[in-house]
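The structure under discussion appears below in the form of structure tokens.
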Amino acid sequence: MMKKLLSLLLAAALALTLTACAGGSDGESEGGESHTADPGEVRGVAEGSTYKNDFLELKFTKPDSWTFATEDEIAGIAGNTHDILSEGGVESDVDASRFDMIATDAVTGNNVNLSLEIIDQEATDEDLESVLDATEEQLLEMGSSIGMNYTFGEHSKVTLGGLEYHKLSATAEFREVTFEQGCYVTVKDGVLINITATSYDGTAISDFEAMFS
């Protein structure tokens, strides 16, 4: 399970970051409790200024200047990310179908994205903390290969909507751009939920957290 969790977490964390900065190994799951989550039932809906997902017990309200990405735009982001990683010698595909919501400010590049993956397993606090530890190591290694330098803060927990998430805080530099990120992960009923918030203009990551209810 850990490799599968990690691979999705890395893809989600990098997708918006690499695309914005550029200017514009799934593992096998191990044993565990089985669930029968329906992909259609775990998806949310972006309409007007809000994204709402009843399964996640969550609503995200975007600022007026932000826009929600369309399915075609999400596919383009995934493709651009693959191209950038390939230039750095990293073979990694980003599965666009996993993204359920991407909201972006076209002026600043600030963004929030949310991805979902059915893993048919639950995860303990220790599992999720191990994922964050491994994520730091993998981001350092992957970032080094493409010229992205990461530094990390302490892990914490935060409630977004009705669920508690484990949070990884990071500051990074890429192509002369400095940015901050918050990466949030939890598992509910066999579904891995990953939210990544990225700030390029000094907006506090906590301000992005406040967009969730």
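To be explicit about the labels: the chains of the structure tokens are called A, B, and onward in the order shown, and within each one the residues are counted from 1, while ligands get numbers from 1 in the order they are shown.
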Would you list the contacts of Met211 of chain A as an mmCIF file with N, CA and C atoms, in the first residue's frame, taking every protein, DNA or RNA residue within 10 Å and counting only C-alpha atoms, but skipping same-chain residues closer than 3 positions in sequence?
```cif
data_model
loop_
_atom_site.group_PDB
_atom_site.id
_atom_site.type_symbol
_atom_site.label_atom_id
_atom_site.label_comp_id
_atom_site.auth_asym_id
_atom_site.auth_seq_id
_atom_site.Cartn_x
_atom_site.Cartn_y
_atom_site.Cartn_z
ATOM 1 N N THR A 50 -17.952 27.152 -6.345
ATOM 2 C CA THR A 50 -17.702 26.124 -5.330
ATOM 3 C C THR A 50 -17.489 24.744 -5.952
ATOM 4 N N LYS A 59 -16.429 21.177 1.118
ATOM 5 C CA LYS A 59 -16.750 22.177 0.106
ATOM 6 C C LYS A 59 -15.575 23.139 -0.014
ATOM 7 N N PHE A 60 -15.203 23.463 -1.234
ATOM 8 C CA PHE A 60 -14.126 24.421 -1.499
ATOM 9 C C PHE A 60 -14.723 25.609 -2.232
ATOM 10 N N THR A 61 -14.519 26.807 -1.690
ATOM 11 C CA THR A 61 -15.019 28.030 -2.325
ATOM 12 C C THR A 61 -13.842 28.824 -2.847
ATOM 13 N N LYS A 62 -13.770 29.004 -4.153
ATOM 14 C CA LYS A 62 -12.644 29.685 -4.769
ATOM 15 C C LYS A 62 -12.827 31.199 -4.753
ATOM 16 N N PRO A 63 -11.722 31.962 -4.730
ATOM 17 C CA PRO A 63 -11.819 33.412 -4.905
ATOM 18 C C PRO A 63 -12.348 33.746 -6.297
ATOM 19 N N VAL A 112 -4.854 25.173 -6.000
ATOM 20 C CA VAL A 112 -5.214 24.075 -5.110
ATOM 21 C C VAL A 112 -5.699 22.934 -5.985
ATOM 22 N N LEU A 160 -9.914 19.652 7.227
ATOM 23 C CA LEU A 160 -10.477 20.320 6.051
ATOM 24 C C LEU A 160 -11.848 19.714 5.815
ATOM 25 N N GLY A 161 -12.892 20.539 5.904
ATOM 26 C CA GLY A 161 -14.238 19.990 5.843
ATOM 27 C C GLY A 161 -14.480 19.117 7.060
ATOM 28 N N SER A 206 -2.234 28.787 5.043
ATOM 29 C CA SER A 206 -3.428 28.721 5.890
ATOM 30 C C SER A 206 -4.611 29.455 5.251
ATOM 31 N N ASP A 207 -4.336 30.450 4.409
ATOM 32 C CA ASP A 207 -5.417 31.144 3.705
ATOM 33 C C ASP A 207 -6.102 30.202 2.723
ATOM 34 N N PHE A 208 -5.330 29.308 2.116
ATOM 35 C CA PHE A 208 -5.929 28.327 1.217
ATOM 36 C C PHE A 208 -6.758 27.330 2.019
#
```
Go through segment 113-137 of chain A and flag each residue having an atom no more than 9 Å from segment 142-157 of chain A; for those, report the closest pair of atoms plus their distance in Å to one decimal, using only C-alpha atoms, ordered by chain and rising number, as JSON lines.
```
{"residue": "A:Glu129", "atom": "CA", "partner": "A:His155", "partner_atom": "CA", "distance": 8.0}
{"residue": "A:Leu132", "atom": "CA", "partner": "A:His155", "partner_atom": "CA", "distance": 7.9}
{"residue": "A:Asp133", "atom": "CA", "partner": "A:His155", "partner_atom": "CA", "distance": 8.9}
{"residue": "A:Glu136", "atom": "CA", "partner": "A:Phe152", "partner_atom": "CA", "distance": 7.4}
{"residue": "A:Glu137", "atom": "CA", "partner": "A:Met142", "partner_atom": "CA", "distance": 8.6}
```
Any chance you can output those residues with C-alpha atoms as a PDB file, in the first residue's frame?
```pdb
ATOM      1  CA  GLU A 129       3.226   9.608   8.605  1.00  0.00           C
ATOM      2  CA  LEU A 132       4.965  11.814   4.320  1.00  0.00           C
ATOM      3  CA  ASP A 133       8.467  10.789   5.402  1.00  0.00           C
ATOM      4  CA  GLU A 136      10.139  14.071   1.471  1.00  0.00           C
ATOM      5  CA  GLU A 137      12.890  11.675   0.412  1.00  0.00           C
TER       6      GLU A 137
END
```
Near segment 105-110 of chain A, counting only C-alpha atoms, which residues have an atom at most 7 Å away, once you skip same-chain residues fewer than 2 positions from it, shown as a list in words? Ala20, Ser65, Trp66, Thr67, Thr198, Ser199, Tyr200 and Asp201 of chain A
Just give me the gap between atom CA of Leu116 of chain A and atom CA of Val177 of chain A in Å, one decimal is fine.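 Atom CA of Val177 of chain A lies at a distance of 28.2 Å from atom CA of Leu116 of chain A.
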Running DSSP on the backbone, which parts of segment 135-181 of chain A land in alpha helix (DSSP H), as number ranges by chain? A: 135-146
Please report the interatomic distance between atom CA of Thr203 of chain A and atom CA of Thr171 of chain A in Å with one decimal.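 Distance between the two atoms: 12.7 Å.
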Sorted by chain and rising residue number, list the residues of segment 75-173 of chain A at most 8 Å from segment 178-184 of chain A (counting only C-alpha atoms), each with its closest atom pair and distance in Å to one decimal, as a Markdown table.
```
| residue | atom | partner | partner_atom | distance |
| --- | --- | --- | --- | --- |
| A:Tyr165 | CA | A:Tyr184 | CA | 5.6 |
| A:His166 | CA | A:Tyr184 | CA | 5.5 |
| A:Lys167 | CA | A:Tyr184 | CA | 4.5 |
| A:Leu168 | CA | A:Cys183 | CA | 5.0 |
| A:Ser169 | CA | A:Gly182 | CA | 4.7 |
| A:Ala170 | CA | A:Gln181 | CA | 5.1 |
| A:Thr171 | CA | A:Glu180 | CA | 4.5 |
| A:Ala172 | CA | A:Phe179 | CA | 5.5 |
| A:Glu173 | CA | A:Thr178 | CA | 4.4 |
```
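You will find atom CA of Leu128 of chain A at 15.2 Å from atom CA of Thr196 of chain A.
Counting only C-alpha atoms, the residue from A:Asp189, A:Asp100, A:Glu126, A:Glu71 that sits nearest to Val45 of chain A is A:Asp100.
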Could you tell me, as a list in words, which residues of segment 85-141 of chain A DSSP assigns to strand (DSSP E or B) when given the backbone?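 Across segment 85-141 of chain A, those assigned strand (DSSP E or B) are Phe99, Asp100, Met101, Ile102, Ala103, Thr104, Asp105, Asn111, Val112, Asn113, Leu114, Ser115, Leu116, Glu117 and Ile118 of chain A.
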Write the residues of the preceding selection, restricted to C-alpha atoms, as a CSV table (one decimal), in the first residue's frame.
```
chain,number,residue,atom,x,y,z
A,99,PHE,CA,-7.7,14.7,-10.3
A,100,ASP,CA,-11.2,15.7,-9.1
A,101,MET,CA,-10.6,19.4,-8.8
A,102,ILE,CA,-8.0,21.9,-9.8
A,103,ALA,CA,-8.5,25.6,-9.1
A,104,THR,CA,-6.0,28.2,-10.2
A,105,ASP,CA,-5.3,31.9,-10.1
A,111,ASN,CA,-3.5,26.9,-7.0
A,112,VAL,CA,-5.2,24.1,-5.1
A,113,ASN,CA,-5.7,20.6,-6.5
A,114,LEU,CA,-7.5,17.5,-5.2
A,115,SER,CA,-7.0,14.0,-6.3
A,116,LEU,CA,-8.7,10.7,-5.5
A,117,GLU,CA,-7.6,7.1,-5.8
A,118,ILE,CA,-9.5,4.0,-4.8
```
Taking only C-alpha atoms into account, name the residue in A:Ser49, A:Thr81, A:Thr135, A:Ser86 that is nearest to Phe68 of chain A.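 Closest to Phe68 of chain A, using only C-alpha atoms: A:Ser49.
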